[in-house]
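To be precise, the following lines are start_38.cif, and they hold mmCIF, C-alpha atoms and all ligand atoms.
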```cif
data_entry
#
loop_
_atom_site.label_atom_id
_atom_site.label_comp_id
_atom_site.auth_asym_id
_atom_site.auth_seq_id
_atom_site.Cartn_x
_atom_site.Cartn_y
_atom_site.Cartn_z
CA MET K 243 25.74 6.91 2.63
CA LYS K 244 22.72 9.19 2.80
CA ILE K 245 19.77 7.84 0.87
CA LEU K 246 16.63 9.72 -0.15
CA VAL K 247 13.75 7.23 -0.13
CA ILE K 248 10.74 8.13 -2.28
CA ASN K 249 7.29 6.51 -2.31
CA CYS K 250 5.34 8.29 -5.00
CA GLY K 251 1.58 8.06 -5.43
CA SER K 252 -0.65 9.80 -7.96
CA SER K 253 -1.22 12.88 -5.80
CA SER K 254 1.20 12.32 -2.93
CA LEU K 255 4.88 11.64 -2.35
CA LYS K 256 6.28 10.28 0.89
CA TYR K 257 9.99 10.68 1.57
CA GLN K 258 12.68 9.93 4.13
CA VAL K 259 16.39 10.59 4.28
CA ILE K 260 18.16 7.65 5.91
CA ASP K 261 21.80 7.33 6.86
CA SER K 262 22.56 3.82 5.65
CA GLU K 263 25.43 3.27 8.13
CA SER K 264 23.62 4.29 11.33
CA GLU K 265 20.21 3.39 9.81
CA GLN K 266 18.86 6.58 11.41
CA VAL K 267 16.12 8.65 9.78
CA LEU K 268 17.52 12.18 9.37
CA ALA K 269 14.32 13.73 8.03
CA LYS K 270 10.96 12.61 6.71
CA GLY K 271 7.64 13.85 5.46
CA LEU K 272 5.27 13.97 2.55
CA CYS K 273 3.91 16.11 -0.24
CA GLU K 274 0.14 16.03 -0.51
CA ARG K 275 -2.42 17.35 -2.97
CA ILE K 276 0.02 17.31 -5.91
CA GLY K 277 -1.79 18.54 -9.02
CA ILE K 278 -4.49 20.13 -6.84
CA ASP K 279 -2.72 22.82 -4.81
CA GLY K 280 0.15 21.39 -2.79
CA ARG K 281 1.22 20.93 0.82
CA LEU K 282 4.62 19.94 2.19
CA VAL K 283 5.00 18.17 5.51
CA TYR K 284 8.63 18.13 6.65
CA GLN K 285 10.20 16.90 9.86
CA LYS K 286 13.85 16.90 10.74
CA ALA K 287 14.73 14.24 13.33
CA GLY K 288 14.23 15.62 16.82
CA LEU K 289 12.23 18.67 15.68
CA ASP K 290 8.52 19.35 15.25
CA LYS K 291 6.69 18.82 11.97
CA GLU K 292 6.50 21.82 9.64
CA ILE K 293 3.52 22.10 7.31
CA THR K 294 3.73 24.56 4.40
CA ASP K 295 1.41 25.22 1.48
CA ILE K 296 3.54 25.19 -1.67
CA PRO K 297 2.15 25.11 -5.22
CA MET K 298 2.75 21.64 -6.70
CA PRO K 299 1.20 21.50 -10.15
CA THR K 300 3.31 18.41 -10.89
CA HIS K 301 5.54 15.94 -9.03
CA LYS K 302 8.58 17.93 -10.17
CA GLU K 303 7.62 20.88 -7.95
CA ALA K 304 6.92 18.40 -5.14
CA VAL K 305 10.43 16.91 -5.38
CA ALA K 306 11.90 20.44 -5.64
CA SER K 307 10.07 21.42 -2.43
CA VAL K 308 11.47 18.36 -0.65
CA ILE K 309 15.01 19.24 -1.77
CA ALA K 310 14.50 22.86 -0.65
CA ALA K 311 13.25 21.74 2.78
CA LEU K 312 16.11 19.26 3.23
CA THR K 313 18.72 21.91 2.43
CA ASN K 314 17.00 24.83 4.16
CA ASP K 315 19.40 26.94 6.31
CA LYS K 316 17.39 26.64 9.51
CA THR K 317 15.85 23.19 9.74
CA GLY K 318 17.39 21.36 6.79
CA ALA K 319 18.84 17.94 7.58
CA LEU K 320 21.53 18.40 4.90
CA SER K 321 24.03 21.18 4.25
CA SER K 322 23.59 20.70 0.52
CA LEU K 323 22.11 18.27 -1.97
CA ASP K 324 25.65 16.91 -2.52
CA GLU K 325 25.19 14.95 0.71
CA ILE K 326 22.58 12.69 -0.88
CA ASP K 327 24.38 9.69 -2.38
CA ALA K 328 21.47 7.95 -4.07
CA VAL K 329 17.69 7.90 -4.38
CA GLY K 330 15.64 4.76 -3.71
CA HIS K 331 12.15 4.46 -5.18
CA ARG K 332 9.36 2.18 -4.11
CA VAL K 333 7.85 0.61 -7.24
CA VAL K 334 4.68 -1.38 -6.80
CA HIS K 335 4.73 -3.85 -9.69
CA GLY K 336 7.83 -5.39 -11.22
CA GLY K 337 5.96 -8.27 -12.85
CA GLU K 338 8.26 -11.23 -13.54
CA LYS K 339 10.98 -8.91 -14.76
CA PHE K 340 12.33 -7.90 -11.35
CA ALA K 341 13.18 -10.42 -8.65
CA SER K 342 15.40 -7.90 -6.84
CA SER K 343 16.10 -4.19 -6.64
CA VAL K 344 17.85 -2.55 -9.63
CA LEU K 345 19.72 0.54 -10.71
CA ILE K 346 17.29 2.53 -12.81
CA THR K 347 18.22 2.95 -16.48
CA ASP K 348 16.13 3.82 -19.53
CA GLU K 349 15.62 0.07 -20.15
CA VAL K 350 14.44 -0.41 -16.57
CA ILE K 351 11.94 2.43 -16.93
CA SER K 352 10.60 0.83 -20.12
CA ALA K 353 10.32 -2.52 -18.32
CA ILE K 354 8.42 -0.90 -15.43
CA GLU K 355 6.15 0.80 -17.97
CA GLU K 356 5.44 -2.63 -19.47
CA CYS K 357 4.02 -3.61 -16.05
CA ASN K 358 1.66 -0.60 -16.01
CA ASP K 359 -1.33 -2.65 -17.15
CA LEU K 360 -0.88 -4.91 -14.12
CA ALA K 361 -0.83 -1.96 -11.68
CA PRO K 362 -2.56 0.93 -13.43
CA LEU K 363 -3.20 2.77 -10.17
CA HIS K 364 0.38 2.61 -8.91
CA ASN K 365 3.14 2.08 -11.48
CA PRO K 366 2.51 5.21 -13.59
CA ALA K 367 2.79 7.35 -10.44
CA ASN K 368 6.00 5.55 -9.41
CA ILE K 369 7.51 6.33 -12.82
CA ILE K 370 6.50 9.99 -12.59
CA GLY K 371 8.38 10.17 -9.26
CA ILE K 372 11.47 8.53 -10.77
CA LYS K 373 11.48 10.92 -13.74
CA ALA K 374 11.03 13.99 -11.53
CA CYS K 375 14.01 12.90 -9.41
CA GLN K 376 16.11 12.18 -12.50
CA GLU K 377 15.40 15.67 -13.81
CA LEU K 378 16.23 17.43 -10.56
CA MET K 379 19.11 15.15 -9.48
CA PRO K 380 20.57 13.90 -12.77
CA THR K 381 23.89 12.79 -11.28
CA LYS K 382 22.48 10.68 -8.44
CA PRO K 383 22.03 6.94 -8.89
CA GLN K 384 18.32 6.05 -8.74
CA VAL K 385 17.32 2.57 -7.56
CA GLY K 386 13.97 0.80 -7.94
CA VAL K 387 12.74 -1.46 -5.10
CA PHE K 388 9.71 -3.54 -6.04
CA ASP K 389 6.77 -4.61 -3.86
CA THR K 390 6.50 -7.78 -5.90
CA ALA K 391 10.20 -8.77 -5.98
CA PHE K 392 10.38 -10.74 -2.72
CA HIS K 393 7.56 -13.03 -3.87
CA GLN K 394 9.25 -13.96 -7.15
CA THR K 395 10.58 -17.06 -5.37
CA MET K 396 7.05 -18.53 -5.18
CA PRO K 397 6.81 -21.87 -6.98
CA SER K 398 4.50 -22.07 -9.99
CA LYS K 399 2.01 -24.26 -8.10
CA ALA K 400 1.50 -21.29 -5.74
CA TYR K 401 1.49 -18.46 -8.24
CA MET K 402 -0.56 -19.94 -11.09
CA TYR K 403 -4.31 -19.43 -11.39
CA ALA K 404 -6.14 -22.47 -12.72
CA VAL K 405 -7.29 -20.69 -15.88
CA PRO K 406 -6.29 -21.43 -19.49
CA TYR K 407 -2.49 -21.35 -19.64
CA LYS K 408 -2.42 -18.84 -22.46
CA TYR K 409 -3.50 -16.08 -20.05
CA TYR K 410 -0.25 -16.66 -18.18
CA GLU K 411 1.95 -17.06 -21.22
CA GLU K 412 0.51 -14.26 -23.30
CA ASN K 413 -0.80 -11.83 -20.69
CA GLY K 414 1.12 -12.47 -17.46
CA VAL K 415 -2.01 -13.48 -15.55
CA ARG K 416 -0.67 -15.05 -12.34
CA ARG K 417 -0.30 -14.24 -8.66
CA TYR K 418 2.52 -11.78 -7.93
CA GLY K 419 1.96 -10.76 -4.31
CA PHE K 420 2.67 -7.35 -2.76
CA HIS K 421 4.04 -5.81 0.45
CA GLY K 422 7.19 -7.78 -0.45
CA THR K 423 9.55 -5.21 1.02
CA SER K 424 7.66 -5.46 4.32
CA HIS K 425 7.51 -9.29 4.31
CA SER K 426 11.22 -9.41 3.53
CA TYR K 427 12.20 -6.94 6.26
CA VAL K 428 9.97 -8.47 8.92
CA SER K 429 10.96 -12.10 8.23
CA LYS K 430 14.66 -11.21 8.46
CA ARG K 431 14.22 -9.05 11.54
CA VAL K 432 12.10 -11.59 13.43
CA CYS K 433 14.74 -14.21 12.80
CA GLU K 434 17.39 -11.92 14.27
CA MET K 435 15.19 -11.38 17.32
CA ASP K 436 14.46 -15.08 17.69
CA GLY K 437 18.02 -16.16 17.03
CA CYS K 438 16.76 -18.60 14.40
CA ASP K 439 18.66 -19.56 11.27
CA LEU K 440 16.84 -17.80 8.42
CA LYS K 441 18.06 -20.44 5.96
CA ASN K 442 16.36 -23.10 8.04
CA SER K 443 13.13 -21.48 9.17
CA LYS K 444 9.36 -21.51 8.66
CA ILE K 445 7.86 -18.08 9.21
CA VAL K 446 4.38 -16.70 8.58
CA VAL K 447 4.29 -12.91 8.31
CA CYS K 448 0.92 -11.22 8.81
CA HIS K 449 1.05 -7.66 7.48
CA ILE K 450 -2.29 -6.30 8.63
CA GLY K 451 -2.90 -2.63 7.95
CA ASN K 452 -5.48 -0.99 5.77
CA GLY K 453 -4.05 -3.19 3.01
CA ALA K 454 -3.27 -6.64 4.37
CA SER K 455 -1.43 -9.77 3.31
CA CYS K 456 0.06 -12.92 4.80
CA SER K 457 3.13 -14.68 3.49
CA ALA K 458 4.76 -18.05 3.99
CA VAL K 459 8.52 -17.54 4.23
CA LEU K 460 10.40 -20.83 4.04
CA ASN K 461 14.16 -20.74 4.63
CA GLY K 462 14.15 -16.98 3.99
CA GLU K 463 12.21 -17.16 0.71
CA SER K 464 8.57 -16.35 0.03
CA VAL K 465 6.81 -19.54 -1.06
CA ASP K 466 3.26 -18.19 -0.93
CA THR K 467 1.42 -14.98 -0.22
CA SER K 468 -2.21 -13.97 -0.03
CA MET K 469 -2.31 -11.12 -2.57
CA GLY K 470 -2.45 -12.07 -6.23
CA LEU K 471 -2.35 -10.40 -9.62
CA SER K 472 -3.37 -7.28 -7.73
CA PRO K 473 -3.60 -6.39 -4.03
CA LEU K 474 -7.30 -7.31 -4.05
CA GLU K 475 -6.91 -11.04 -3.37
CA GLY K 476 -6.58 -12.66 0.02
CA LEU K 477 -7.42 -11.19 3.41
CA VAL K 478 -10.39 -9.03 4.34
CA MET K 479 -8.92 -5.50 4.30
CA GLY K 480 -10.00 -1.95 5.13
CA THR K 481 -11.97 -1.46 1.92
CA ARG K 482 -10.96 -4.51 -0.22
CA SER K 483 -12.99 -7.69 -0.24
CA GLY K 484 -10.09 -10.13 -0.43
CA ASP K 485 -11.00 -13.62 -1.72
CA ILE K 486 -14.41 -13.81 -3.38
CA ASP K 487 -16.15 -16.09 -5.86
CA PRO K 488 -15.98 -14.36 -9.28
CA SER K 489 -19.58 -15.43 -9.83
CA ALA K 490 -20.60 -13.24 -6.91
CA VAL K 491 -18.88 -10.36 -8.67
CA GLU K 492 -20.79 -10.96 -11.87
CA TYR K 493 -24.04 -11.26 -9.91
CA MET K 494 -23.38 -8.05 -7.93
CA ALA K 495 -22.68 -6.22 -11.19
CA LYS K 496 -25.99 -7.48 -12.61
CA CYS K 497 -27.90 -6.54 -9.45
CA ASP K 498 -26.66 -2.95 -9.58
CA GLY K 499 -26.29 -2.54 -13.36
CA LEU K 500 -22.55 -1.98 -13.00
CA ASP K 501 -19.85 -2.43 -15.62
CA PHE K 502 -16.45 -3.99 -14.82
CA ALA K 503 -14.92 -0.72 -13.62
CA GLY K 504 -17.96 -0.10 -11.42
CA VAL K 505 -17.96 -3.48 -9.73
CA MET K 506 -14.15 -3.44 -9.31
CA ASN K 507 -14.54 -0.10 -7.59
CA VAL K 508 -17.01 -1.70 -5.17
CA LEU K 509 -14.56 -4.54 -4.45
CA ASN K 510 -11.55 -2.25 -4.00
CA LYS K 511 -13.01 0.81 -2.32
CA GLN K 512 -16.35 -0.06 -0.72
CA SER K 513 -15.83 -3.59 0.57
CA GLY K 514 -13.72 -5.15 3.31
CA VAL K 515 -14.50 -4.16 6.90
CA LEU K 516 -15.98 -0.88 5.62
CA GLY K 517 -18.46 -2.68 3.40
CA VAL K 518 -19.48 -5.26 5.99
CA SER K 519 -19.77 -2.88 8.94
CA GLY K 520 -21.03 0.20 7.11
CA VAL K 521 -19.09 2.07 9.81
CA SER K 522 -15.50 2.70 8.70
CA SER K 523 -12.41 1.19 7.13
CA ASP K 524 -10.42 2.28 10.17
CA PHE K 525 -10.13 -0.45 12.72
CA ARG K 526 -10.22 1.92 15.67
CA ASP K 527 -13.69 3.13 14.60
CA LEU K 528 -14.81 -0.49 14.25
CA LEU K 529 -13.63 -1.35 17.74
CA ALA K 530 -15.50 1.63 19.15
CA ALA K 531 -18.68 0.70 17.25
CA SER K 532 -18.39 -2.93 18.30
CA ALA K 533 -17.96 -1.91 21.94
CA GLU K 534 -21.23 0.02 21.62
CA GLY K 535 -23.00 -3.10 20.40
CA ASN K 536 -22.84 -2.62 16.61
CA GLU K 537 -23.22 -6.21 15.40
CA ARG K 538 -21.95 -5.61 11.87
CA ALA K 539 -18.80 -3.96 13.23
CA THR K 540 -18.27 -7.05 15.41
CA LEU K 541 -18.90 -9.29 12.39
CA ALA K 542 -16.33 -7.38 10.30
CA ILE K 543 -13.71 -7.78 13.04
CA GLU K 544 -14.47 -11.50 13.32
CA MET K 545 -14.31 -12.00 9.55
CA LEU K 546 -10.93 -10.30 9.36
CA ALA K 547 -9.46 -12.42 12.18
CA TYR K 548 -10.95 -15.66 10.82
CA ARG K 549 -9.52 -15.06 7.33
CA VAL K 550 -6.03 -14.37 8.71
CA ALA K 551 -6.20 -17.51 10.87
CA LYS K 552 -7.25 -19.59 7.83
CA TYR K 553 -4.26 -18.32 5.86
CA ILE K 554 -1.90 -19.12 8.72
CA GLY K 555 -3.33 -22.65 8.77
CA ALA K 556 -2.89 -22.93 5.01
CA TYR K 557 0.70 -21.75 5.20
CA ALA K 558 1.44 -24.24 7.98
CA ALA K 559 0.41 -26.90 5.45
CA ALA K 560 2.40 -25.23 2.65
CA MET K 561 5.59 -25.29 4.74
CA ASN K 562 4.84 -28.49 6.66
CA GLY K 563 4.94 -26.53 9.91
CA VAL K 564 5.53 -23.08 11.32
CA ASP K 565 8.25 -21.94 13.76
CA VAL K 566 7.36 -18.28 13.99
CA ILE K 567 4.28 -16.13 13.34
CA CYS K 568 4.94 -12.45 13.10
CA PHE K 569 2.46 -9.55 13.13
CA THR K 570 3.19 -6.21 11.52
CA ALA K 571 1.61 -3.01 10.04
CA GLY K 572 -0.97 -0.67 11.65
CA LEU K 573 -3.27 -3.28 13.08
CA GLY K 574 -0.78 -6.12 13.52
CA GLU K 575 1.63 -3.89 15.42
CA ASN K 576 -0.87 -2.01 17.53
CA ASN K 577 -3.85 -4.18 18.30
CA ALA K 578 -3.37 -6.82 20.96
CA GLY K 579 -7.03 -7.90 20.77
CA MET K 580 -6.81 -8.72 17.06
CA ARG K 581 -3.60 -10.74 17.59
CA GLU K 582 -5.23 -12.64 20.42
CA LEU K 583 -8.38 -13.30 18.38
CA ILE K 584 -6.38 -14.61 15.40
CA CYS K 585 -4.24 -16.81 17.60
CA SER K 586 -7.32 -18.20 19.38
CA TYR K 587 -7.89 -20.34 16.24
CA LEU K 588 -4.36 -21.74 16.31
CA GLY K 589 -4.31 -23.78 19.50
CA PHE K 590 -4.31 -26.94 17.35
CA MET K 591 -0.79 -26.10 16.23
CA GLY K 592 0.42 -25.26 19.70
CA VAL K 593 0.12 -21.47 19.55
CA LYS K 594 -0.33 -19.93 23.00
CA ILE K 595 -0.42 -16.18 23.55
CA ASP K 596 0.86 -14.63 26.78
CA SER K 597 -1.79 -11.97 27.41
CA ALA K 598 0.50 -9.77 29.50
CA ALA K 599 3.32 -9.91 26.93
CA ASN K 600 0.81 -9.32 24.13
CA ASN K 601 -0.19 -6.06 25.76
CA CYS K 602 2.34 -4.18 23.64
CA ALA K 603 1.98 -1.76 20.75
CA GLY K 604 4.25 -0.34 18.09
CA GLU K 605 7.40 -2.05 19.32
CA GLU K 606 9.27 -5.30 18.82
CA CYS K 607 8.08 -7.93 21.26
CA LEU K 608 7.62 -11.64 21.81
CA VAL K 609 3.94 -12.17 22.60
CA SER K 610 3.67 -15.96 22.86
CA ALA K 611 3.80 -17.90 26.11
CA LYS K 612 6.96 -19.76 27.14
CA ASP K 613 5.36 -23.12 26.36
CA SER K 614 3.94 -22.07 22.98
CA ARG K 615 5.10 -24.50 20.27
CA VAL K 616 5.13 -21.64 17.76
CA LYS K 617 6.72 -18.32 18.71
CA VAL K 618 4.59 -15.26 18.03
CA TYR K 619 6.21 -11.85 17.62
CA VAL K 620 5.32 -8.27 16.82
CA VAL K 621 7.79 -6.49 14.54
CA PRO K 622 7.04 -2.96 13.33
CA THR K 623 7.64 -2.96 9.60
CA ASN K 624 10.17 -0.61 8.04
CA GLU K 625 9.88 -0.59 4.26
CA GLU K 626 11.83 2.67 3.95
CA LEU K 627 14.82 1.16 5.73
CA MET K 628 14.74 -1.85 3.39
CA ILE K 629 14.65 0.50 0.40
CA ALA K 630 17.57 2.50 1.84
CA ARG K 631 19.59 -0.69 2.45
CA ASP K 632 19.04 -1.98 -1.09
CA THR K 633 19.71 1.44 -2.60
CA ALA K 634 22.97 1.88 -0.69
CA GLU K 635 24.13 -1.60 -1.70
CA ILE K 636 23.36 -1.09 -5.39
CA ALA K 637 24.61 2.50 -5.55
CA SER K 638 27.93 1.58 -3.93
CA LYS K 639 28.71 -1.01 -6.61
P1 LIG J 701 -1.74 1.24 5.27
O1 LIG J 701 -0.26 1.52 5.34
O2 LIG J 701 -2.11 0.00 4.53
O3 LIG J 701 -2.57 2.43 4.90
P2 LIG J 701 -1.49 0.94 8.15
O4 LIG J 701 -0.43 -0.08 8.23
O5 LIG J 701 -1.15 2.35 8.52
O6 LIG J 701 -2.22 0.93 6.75
O7 LIG J 701 -2.71 0.45 9.09
C1 LIG J 701 -3.88 1.17 9.23
C2 LIG J 701 -4.83 0.38 10.11
O8 LIG J 701 -4.22 0.14 11.38
C3 LIG J 701 -6.13 1.13 10.39
O9 LIG J 701 -7.21 0.23 10.33
C4 LIG J 701 -5.94 1.60 11.81
O10 LIG J 701 -7.15 1.71 12.48
C5 LIG J 701 -5.13 0.48 12.40
N1 LIG J 701 -4.43 0.96 13.60
C6 LIG J 701 -3.42 1.83 13.69
N2 LIG J 701 -3.11 2.07 14.99
C7 LIG J 701 -3.97 1.32 15.72
C8 LIG J 701 -4.20 1.10 17.10
N3 LIG J 701 -3.46 1.70 18.02
N4 LIG J 701 -5.18 0.24 17.47
C9 LIG J 701 -5.94 -0.37 16.54
N5 LIG J 701 -5.78 -0.20 15.24
C10 LIG J 701 -4.82 0.62 14.82
#
```
Could the structure of this file be written out as structure tokens, please?
Ligand code: ADP
Amino acid sequence: MKILVINCGSSSLKYQVIDSESEQVLAKGLCERIGIDGRLVYQKAGLDKEITDIPMPTHKEAVASVIAALTNDKTGALSSLDEIDAVGHRVVHGGEKFASSVLITDEVISAIEECNDLAPLHNPANIIGIKACQELMPTKPQVGVFDTAFHQTMPSKAYMYAVPYKYYEENGVRRYGFHGTSHSYVSKRVCEMDGCDLKNSKIVVCHIGNGASCSAVLNGESVDTSMGLSPLEGLVMGTRSGDIDPSAVEYMAKCDGLDFAGVMNVLNKQSGVLGVSGVSSDFRDLLAASAEGNERATLAIEMLAYRVAKYIGAYAAAMNGVDVICFTAGLGENNAGMRELICSYLGFMGVKIDSAANNCAGEECLVSAKDSRVKVYVVPTNEELMIARDTAEIASK
């Protein structure tokens, strides 16, 4: 089957066409500046990127431009739209309603809309993308794949906040976790690489990109993860603070005369390694600044590594041990120094990195030493492939 995978944001839309049998990407790209002016980036496998300015007042024109590029006579990856069997959509928040991917119906759209309050920045855009695809491809099955679904196996002791119970019962206040598609893909893939039995395994996945989260995957199921009600909780990220005392938030708001929206903006957009270093949210800029002696850049790097190491330690306790630690996403896949720094805290549990093996980037590799008690791997994440797999499975039923 050929699956169109869509990841729709408020002003952008990323897409890939994946052949679900060969698992090859046939074409990929993105629409940017939707609602502003509009730009299409399109790349057929094996060819150069094409960048075209196309008016995109709404997401509908963006989807139409993707279809036109995919079926274009010269560089189109498809002879006609008939070749697409189904469309898979990334949906950020499925609340407690979705523990797995689903065929999208009117009821499903309403249920996703009910989760909008929990993900006001993401879910509305995801729904706009779904509706645009339904309008332009009304006969194709559309499937929703949720960032939160994989973590729905967390036990209540892990997902509850210790606040009055009514906030959970009446308002859904609890930890949901995100990056679930990535944690699911990486935990399965690392087990294949390791030859371990997924149903009898203890894996910690560290997804460290601009957004970052760790998860404890016990016997193939997520039993804890570092993000919470929103993606703000947990690790130190590019611009997000991660864990913080709520009293500090109140105090910061008072110091600067900020309202809730103002202080949340500081925590989401101006904090993390950007806030601490004052240099950048991009790790490569931090490394460069640190190499030039910028102490706050060095501090930001150390804070990030320390927080990840603490979560790995916590998840070792949660699972009563760890067999495999796996790094993924921009930083986890590409930065040997960060992996080494994180693992330097984990000697107590028998983690030993092989520096030569760790000198890898952007590819699957085993980076721990032969005598390491815990195996450490790098696995590039592939959320689009997971979405294509789920979509093909559901659409073929
Ligand atoms: P997201 O998908 O959350 O936006 P990514 O997974 O793309 O983020 O990760 C982005 C982060 O990964 C940035 O901080 C970037 O600097 C870092 N990164 C990407 N490539 C490298 C590299 N080769 N070395 C160090 N850091 C890298």
Exercise. In Å to one decimal, how far is CA of Ser253 (chain K) from CA of Glu265 (chain K)?
Worked result: 28.2 Å
Problem set entry | Pick from K:His449, K:Lys399, K:Lys316, K:His335 nearest to Glu575 (chain K), counting all atoms listed in the file |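 Distance minimum relative to Glu575 (chain K) lands on K:His449.
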Report as a tab-separated table the residues of chain K within 12 Å of ligand LIG 701 (chain J), each with its shortest atom pair and distance in Å (one decimal), using only C-alpha atoms and all ligand atoms, ordered by chain and increasing residue number.
```
residue	atom	partner	partner_atom	distance
K:Asn249	CA	J:LIG701	O1	11.9
K:Lys256	CA	J:LIG701	O1	11.8
K:Phe420	CA	J:LIG701	O2	11.4
K:His421	CA	J:LIG701	O2	9.4
K:Ser424	CA	J:LIG701	O4	10.5
K:Cys448	CA	J:LIG701	O4	11.2
K:His449	CA	J:LIG701	O4	7.8
K:Ile450	CA	J:LIG701	O4	6.5
K:Gly451	CA	J:LIG701	O7	3.3
K:Asn452	CA	J:LIG701	O2	3.7
K:Gly453	CA	J:LIG701	O2	4.0
K:Ala454	CA	J:LIG701	O2	6.7
K:Ser455	CA	J:LIG701	O2	9.9
K:Pro473	CA	J:LIG701	O2	10.8
K:Val478	CA	J:LIG701	O9	11.5
K:Met479	CA	J:LIG701	O9	8.5
K:Gly480	CA	J:LIG701	O9	6.3
K:Thr481	CA	J:LIG701	O9	9.8
K:Arg482	CA	J:LIG701	O2	11.0
K:Gly514	CA	J:LIG701	O9	11.0
K:Val515	CA	J:LIG701	O9	9.2
K:Leu516	CA	J:LIG701	O9	10.0
K:Ser522	CA	J:LIG701	O9	8.8
K:Ser523	CA	J:LIG701	O9	6.2
K:Asp524	CA	J:LIG701	O9	3.8
K:Phe525	CA	J:LIG701	O10	3.7
K:Arg526	CA	J:LIG701	O10	4.4
K:Asp527	CA	J:LIG701	O10	7.0
K:Leu528	CA	J:LIG701	O10	8.2
K:Leu529	CA	J:LIG701	C9	7.8
K:Ala530	CA	J:LIG701	C9	10.1
K:Ala542	CA	J:LIG701	O9	11.9
K:Ile543	CA	J:LIG701	O9	10.7
K:Leu546	CA	J:LIG701	O9	11.2
K:Phe569	CA	J:LIG701	O4	11.0
K:Thr570	CA	J:LIG701	O4	7.8
K:Ala571	CA	J:LIG701	O4	4.0
K:Gly572	CA	J:LIG701	O7	3.3
K:Leu573	CA	J:LIG701	O8	3.9
K:Gly574	CA	J:LIG701	O8	7.5
K:Glu575	CA	J:LIG701	N2	7.6
K:Asn576	CA	J:LIG701	N3	4.6
K:Asn577	CA	J:LIG701	C9	4.7
K:Ala578	CA	J:LIG701	N4	8.1
K:Gly579	CA	J:LIG701	C9	8.7
K:Met580	CA	J:LIG701	C9	8.4
K:Arg581	CA	J:LIG701	C9	10.7
K:Asn601	CA	J:LIG701	N3	11.4
K:Cys602	CA	J:LIG701	N3	10.0
K:Ala603	CA	J:LIG701	N3	7.0
K:Gly604	CA	J:LIG701	N3	8.0
K:Glu605	CA	J:LIG701	N3	11.6
K:Pro622	CA	J:LIG701	O4	9.5
K:Thr623	CA	J:LIG701	O4	8.7
K:Asn624	CA	J:LIG701	O4	10.6
K:Glu625	CA	J:LIG701	O1	10.4
```
Problem set entry | Distance in Å - CA of Gly337 (chain K) versus CA of Gly484 (chain K) |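 Result for CA of Gly337 (chain K) versus CA of Gly484 (chain K): 20.4 Å, one decimal.
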Identify the residues within 7 Å of coordinate (10.6, 3.0, -11.1) (same frame as the file), considering only C-alpha atoms, and give the answer as an mmCIF file with C-alpha atoms, in the coordinates of the input.
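out-v8.cif, written as the output of this step:
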```cif
data_model
loop_
_atom_site.group_PDB
_atom_site.id
_atom_site.type_symbol
_atom_site.label_atom_id
_atom_site.label_comp_id
_atom_site.auth_asym_id
_atom_site.auth_seq_id
_atom_site.Cartn_x
_atom_site.Cartn_y
_atom_site.Cartn_z
ATOM 1 C CA HIS K 331 12.150 4.460 -5.180
ATOM 2 C CA VAL K 333 7.850 0.610 -7.240
ATOM 3 C CA ILE K 346 17.290 2.530 -12.810
ATOM 4 C CA ILE K 351 11.940 2.430 -16.930
ATOM 5 C CA ILE K 354 8.420 -0.900 -15.430
ATOM 6 C CA ASN K 368 6.000 5.550 -9.410
ATOM 7 C CA ILE K 369 7.510 6.330 -12.820
ATOM 8 C CA ILE K 372 11.470 8.530 -10.770
ATOM 9 C CA GLY K 386 13.970 0.800 -7.940
#
```
Problem set entry | Selected residue, from K:Gly371, K:Gly330, K:Gly592, K:Gly288, that lies nearest to Ile260 (chain K) when counting all atoms listed in the file |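 Between K:Gly371, K:Gly330, K:Gly592, K:Gly288, the residue approaching Ile260 (chain K) most closely is K:Gly330.
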For this session: Find the residue from K:Asp565, K:Val508, K:Met379, K:Ala490 that sits nearest to Cys438 (chain K); use only C-alpha atoms when measuring.
Result: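 Of K:Asp565, K:Val508, K:Met379, K:Ala490, the one nearest Cys438 (chain K), counting only C-alpha atoms, is K:Asp565.
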Exercise. In Å to one decimal, how far is CA of Gly271 (chain K) from CA of Pro383 (chain K)?
Worked result: 21.5 Å
Exercise. Of the candidates K:Thr300, K:Ser468, K:Ser342, K:Ser262, which shows the shortest atom-to-atom distance to Gln394 (chain K), using only C-alpha atoms?
Worked result: K:Ser342
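Checking K:Glu635, K:Glu292, K:Glu544, K:Asp596 one by one against Lys617 (chain K), counting only C-alpha atoms, you find the shortest gap at K:Asp596.
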For this session: Determine, counting all atoms listed in the file, which protein, DNA and RNA residues have an atom within 7 Å of an atom of region 272-280 of chain K; residues of the same chain fewer than 6 positions away are not included. Present the result as a list in words.
Result: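 Residues near the query, excluding close chain neighbours: Ser253, Ser254, Leu255, Lys256, Tyr257, Asp295, Ile296, Pro297, Met298, Pro299, Thr300, His301 and Ala304 of chain K.
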